[in-house]
Structure formats: structure tokens, C-alpha cells
Amino acid sequence: MHIHNISKENSILNTFISEIRNKEIQKDSMRFRRNIERIGEILGYEMSKVLSYKTKDVATPLGTAQINLPINDIVLCSVLRAGVPLHNGLLNYFDTAENAFISAYRHHKHSPESFEIIVEYLACPNLENKTLILADPMLATGQSMVATFEALKPFGKPKEIHLISVIGAQEGIDFVNKHFDNNVHLWVATIDDTLNEKGYIVPGLGDAGDLAFGEKLQQ
Ligand SMILES: O=P(O)(O)OC[C@H]1O[C@H](OP(=O)(O)OP(=O)(O)O)[C@H](O)[C@@H]1O
Ligand SMILES: O=c1cc[nH]c(=O)[nH]1
Ligand SMILES: [Mg+2]
């Protein structure tokens, strides 16, 4: 897997990452969602550099401009719920993409420390020979990314796969790396070293779904 840690290079991206992590600023849920969306726009822009391009003629009022344009058939799939603002950011740039949604949540059956991933809702177009973008802001243990990808398999074999995440834990990235082929790309805004006993990323930002949409009752 090709791992692209976009904040390795300094840019305005760091401002948005700092605001979603900041325990005071993140309380403003509208700003939190918008920052995740802005990060989605930046990750999408970076990802766009490795798409396939073809030169096309564009008629202007004064002549013809030749422009290299991306030709990939993109399917943008996000993991509910926290994936919604990230989806919006990516869709702002890949505005002609087809869209898929899949739900995944942690089901704590026996203890707060142990959980399994429950995938329920799934709406997806044909993925055969398409460019699949699978987006989820938090890549903690990596189990949601792997479980959602497995659930998408009956919809066809994509030609290209791009995983998009805002914060990735190194342990989860290593787990995902084992499950995906070498030609898959992971675009992550930043990488943290640690997971705590509940599988939360440290320092991370807390619970992305709750920060975006409010606390939910545990199932
Ligand atoms: O890498 P993992 O260990 O699988 O954890 C990451 C998952 O946790 C978050 O979802 P969460 O279960 O909090 O659901 P939510 O979006 O409804 O809050 C996040 O959006 C991922 O889907
Ligand atoms: O740190 C984490 C891990 C999973 N889900 C979150 O929202 N945050
Ligand atoms: Mg959550």
C-alpha cells in the first residue's frame, strides 16, 4: 500500500488538523464538520495528482484551450456517520462522482474494551473497473476500513482504490496495509502513534461521529 501522510509537509492543512484536535475549538460542531470537509478537499486535491489524465479541447469565447483532465470513473464511498462531512469535502471537488454509503459502528458486546464492527446499511453502484474512494475520518484499529471494504466486494472489482482518512493510528495503518494490495493508496492527513485500551487514537481528537453529530447511546 502507498501511504501518503499529507501533513509531513507544512501547509494550511495543519491549521485545520489543529482545530479538530483542540478540545475547546472542536466543541463548535459546525466548525468541526467544516474543518473535516476542508481536510477532505485537501486530501482529494492531493489524490487527484495520481489520477489518469487525457488532453481535451475546451472552447473559450476567444479560441481553444487544451487542458489535461481526469478521466477516472470515481465512486465515492463514505462510512457513516463520521464520514459524512469528509464525503461532502471530497464531493465538492469530485462533483461528478457516483456515491456510495455504508454504515459501520462499534458494537461493545462484552466490555467497553472489546468490540466488533457491525456493517448494516449499504447503498452502492457498480464498482467494476471504477476508481473507488473509501473515506472514513478515523482509522483507529483499521477494522472498520477492512470490514466496509469486504462488504463492498459483491459490487464489483474496482480498477483503483484510494483510502482517505483524517487521522490514522500507526497500528491501524499496519493492519489495513496487510489487507490491501500493494497498488492501493492511503491518503491520510496525519498519523498518531498510539491507540488506548478502548481503541481510541491518542492524542487523536476524541469521537469524530459525536463531535460532528452529537453523542449517541451505546448499542
Ligand atoms: O479503525 P476502527 O477501530 O474501526 O475505528 C474507526 C471507526 O470509528 C469511527 O466510527 P464510530 O464507530 O465511532 O461510529 P460513528 O461514526 O457513528 O460515531 C470512525 O468513523 C470509524 O468508522
Ligand atoms: O479515536 C477514535 C477511534 C474511533 N473513532 C473515533 O471517532 N475516534
Ligand atoms: Mg464515533
# chains A, B, ... in the order shown; residues from 1 in each chain; ligands from 1
call {"tool": "closest_atom_pairs", "arguments": {"of": "chain A", "to": "ligand 1", "cutoff": "8 Å", "atoms": "only C-alpha atoms and all ligand atoms", "output": "tab-separated table"}}
result
residue	atom	partner	partner_atom_place_in_ligand_line	distance
A:Val79	CA	ligand 1	22 (O)	6.0
A:Leu80	CA	ligand 1	16 (O)	5.4
A:Arg81	CA	ligand 1	16 (O)	3.8
A:Ala82	CA	ligand 1	16 (O)	3.8
A:Gly83	CA	ligand 1	20 (O)	6.1
A:Ser103	CA	ligand 1	17 (O)	7.8
A:Ala104	CA	ligand 1	22 (O)	5.8
A:Tyr105	CA	ligand 1	12 (O)	3.8
A:Arg106	CA	ligand 1	12 (O)	4.5
A:Ile117	CA	ligand 1	4 (O)	6.8
A:Asp136	CA	ligand 1	20 (O)	5.4
A:Pro137	CA	ligand 1	20 (O)	5.6
A:Met138	CA	ligand 1	19 (C)	4.6
A:Leu139	CA	ligand 1	1 (O)	4.1
A:Ala140	CA	ligand 1	1 (O)	3.5
A:Thr141	CA	ligand 1	3 (O)	3.6
A:Gly142	CA	ligand 1	1 (O)	3.5
A:Gln143	CA	ligand 1	4 (O)	4.0
A:Ser144	CA	ligand 1	4 (O)	3.6
A:Met145	CA	ligand 1	4 (O)	6.3
A:Gly172	CA	ligand 1	1 (O)	6.2
A:Gly199	CA	ligand 1	3 (O)	5.9
A:Tyr200	CA	ligand 1	3 (O)	7.3
A:Asp207	CA	ligand 1	13 (O)	5.8
A:Ala208	CA	ligand 1	18 (O)	6.1
A:Gly209	CA	ligand 1	18 (O)	3.4
A:Asp210	CA	ligand 1	18 (O)	5.6
A:Lys216	CA	ligand 1	18 (O)	7.8
call {"tool": "residues_around", "arguments": {"residues": "A:Asp193", "least_positions_apart": "5", "cutoff": "9 Å", "atoms": "only C-alpha atoms", "output": "PyMOL selection string"}}
result
chain A and resi 168-171+201-203
call {"tool": "closest_residue", "arguments": {"among": "A:Val84, A:Val176, A:Met47, A:Ile74", "to": "ligand 3", "atoms": "only C-alpha atoms and all ligand atoms"}}
result
A:Val84
call {"tool": "select_by_dssp", "arguments": {"residues": "stretch 52-188 of chain A", "states": "helix (DSSP H, G or I)", "output": "PyMOL selection string"}}
result
chain A and resi 83-93+143-155+170-179
call {"tool": "closest_residue", "arguments": {"among": "A:Gln218, A:Thr148, A:Asn99, A:Thr194", "to": "ligand 3", "atoms": "only C-alpha atoms and all ligand atoms"}}
result
A:Gln218
call {"tool": "residues_around", "arguments": {"residues": "A:Val146", "least_positions_apart": "6", "cutoff": "9 Å", "atoms": "only C-alpha atoms", "output": "MDAnalysis selection string"}}
result
chainID A and resid 175:176 179:180
call {"tool": "write_last_selection", "arguments": {"atoms": "C-alpha atoms", "output": "compact mmCIF listing (two decimals), in the first residue's frame"}}
result
# COMPACT_ATOMS: atom_id res chain seq x y z
CA PHE A 175 -3.44 -3.65 9.97
CA VAL A 176 -5.01 -2.12 6.84
CA HIS A 179 -5.36 -6.45 3.97
CA PHE A 180 -4.94 -4.37 0.84
call {"tool": "closest_residue", "arguments": {"among": "A:Asp192, A:Asp57, A:Lys23, A:Ala135", "to": "A:Ile167", "atoms": "only C-alpha atoms"}}
result
A:Asp192
call {"tool": "atom_distance", "arguments": {"atom1": "atom CA of A:Gly63", "atom2": "atom CA of A:Val50"}}
result
29.1 Å
call {"tool": "closest_residue", "arguments": {"among": "A:Ala212, A:Ile118, A:Ile42, A:Ile25", "to": "ligand 2", "atoms": "only C-alpha atoms and all ligand atoms"}}
result
A:Ala212
call {"tool": "atom_distance", "arguments": {"atom1": "atom CA of A:His110", "atom2": "atom CA of A:Asn196"}}
result
17.6 Å
call {"tool": "select_by_dssp", "arguments": {"residues": "stretch 127-209 of chain A", "states": "strand (DSSP E or B)", "output": "short mmCIF file (atom, residue, chain, number, x, y, z; two decimals) with N, CA and C atoms, in the first residue's frame"}}
result
data_model
loop_
_atom_site.label_atom_id
_atom_site.label_comp_id
_atom_site.auth_asym_id
_atom_site.auth_seq_id
_atom_site.Cartn_x
_atom_site.Cartn_y
_atom_site.Cartn_z
N THR A 131 -12.86 3.80 -10.11
CA THR A 131 -11.90 4.26 -9.10
C THR A 131 -12.67 4.43 -7.80
N LEU A 132 -12.40 3.55 -6.85
CA LEU A 132 -13.13 3.59 -5.57
C LEU A 132 -12.36 4.45 -4.57
N ILE A 133 -13.05 5.44 -4.01
CA ILE A 133 -12.51 6.21 -2.89
C ILE A 133 -13.30 5.81 -1.66
N LEU A 134 -12.62 5.23 -0.68
CA LEU A 134 -13.30 4.80 0.55
C LEU A 134 -12.83 5.73 1.68
N ALA A 135 -13.79 6.49 2.23
CA ALA A 135 -13.42 7.58 3.14
C ALA A 135 -14.01 7.39 4.53
N MET A 138 -11.59 8.56 10.81
CA MET A 138 -10.73 7.97 11.82
C MET A 138 -10.34 6.56 11.42
N LEU A 139 -9.05 6.31 11.35
CA LEU A 139 -8.55 4.96 11.09
C LEU A 139 -7.83 4.54 12.37
N GLU A 160 -8.97 0.88 -9.38
CA GLU A 160 -8.07 1.61 -8.48
C GLU A 160 -8.78 1.82 -7.14
N ILE A 161 -8.01 1.78 -6.07
CA ILE A 161 -8.61 2.01 -4.74
C ILE A 161 -7.81 3.07 -3.99
N HIS A 162 -8.53 4.08 -3.48
CA HIS A 162 -7.91 5.12 -2.65
C HIS A 162 -8.64 5.16 -1.31
N LEU A 163 -7.90 4.97 -0.23
CA LEU A 163 -8.47 5.08 1.12
C LEU A 163 -8.15 6.48 1.62
N ILE A 164 -9.14 7.12 2.23
CA ILE A 164 -8.94 8.50 2.69
C ILE A 164 -9.30 8.59 4.16
N SER A 165 -8.39 9.15 4.94
CA SER A 165 -8.61 9.26 6.37
C SER A 165 -8.02 10.56 6.88
N VAL A 166 -8.56 11.06 7.97
CA VAL A 166 -8.03 12.31 8.53
C VAL A 166 -6.91 12.00 9.53
N ILE A 167 -7.25 11.18 10.55
CA ILE A 167 -6.20 10.76 11.50
C ILE A 167 -6.09 9.24 11.46
N GLY A 168 -4.90 8.74 11.23
CA GLY A 168 -4.64 7.31 11.23
C GLY A 168 -3.72 6.95 12.38
N ALA A 169 -4.05 5.87 13.10
CA ALA A 169 -3.12 5.35 14.11
C ALA A 169 -2.17 4.39 13.39
N HIS A 185 -3.78 3.05 -2.53
CA HIS A 185 -3.23 4.27 -1.92
C HIS A 185 -4.00 4.61 -0.64
N LEU A 186 -3.27 5.00 0.39
CA LEU A 186 -3.90 5.58 1.60
C LEU A 186 -3.46 7.05 1.69
N TRP A 187 -4.45 7.95 1.72
CA TRP A 187 -4.20 9.39 1.86
C TRP A 187 -4.66 9.78 3.24
N VAL A 188 -3.73 10.15 4.09
CA VAL A 188 -4.08 10.44 5.49
C VAL A 188 -3.51 11.82 5.84
N ALA A 189 -4.36 12.62 6.55
CA ALA A 189 -3.90 13.98 6.86
C ALA A 189 -2.77 13.95 7.88
N THR A 190 -2.88 13.04 8.86
CA THR A 190 -1.81 12.94 9.86
C THR A 190 -1.84 11.55 10.53
N ILE A 191 -0.71 11.17 11.11
CA ILE A 191 -0.59 9.84 11.74
C ILE A 191 -0.19 9.99 13.20
N ASP A 192 -0.92 9.29 14.09
CA ASP A 192 -0.59 9.26 15.52
C ASP A 192 -0.02 7.89 15.88
N THR A 194 -0.32 6.17 18.89
CA THR A 194 -0.88 5.32 19.96
C THR A 194 -2.38 5.10 19.83
N LEU A 195 -2.82 3.92 20.27
CA LEU A 195 -4.24 3.60 20.48
C LEU A 195 -4.40 3.31 21.97
N ILE A 201 -7.75 6.73 19.24
CA ILE A 201 -6.45 7.24 18.82
C ILE A 201 -5.97 8.29 19.82
N VAL A 202 -4.69 8.19 20.24
CA VAL A 202 -4.08 9.14 21.18
C VAL A 202 -2.86 9.78 20.51
#
call {"tool": "residues_around", "arguments": {"residues": "A:Pro112", "least_positions_apart": "4", "cutoff": "9 Å", "atoms": "only C-alpha atoms", "output": "count of residues only"}}
result
3
call {"tool": "residues_around", "arguments": {"residues": "stretch 28-35 of chain A", "least_positions_apart": "2", "cutoff": "9 Å", "atoms": "only C-alpha atoms", "output": "ChimeraX atom specification"}}
result
/A:16-17,19-20,24-26,37-40,84-86,89,208,211-214
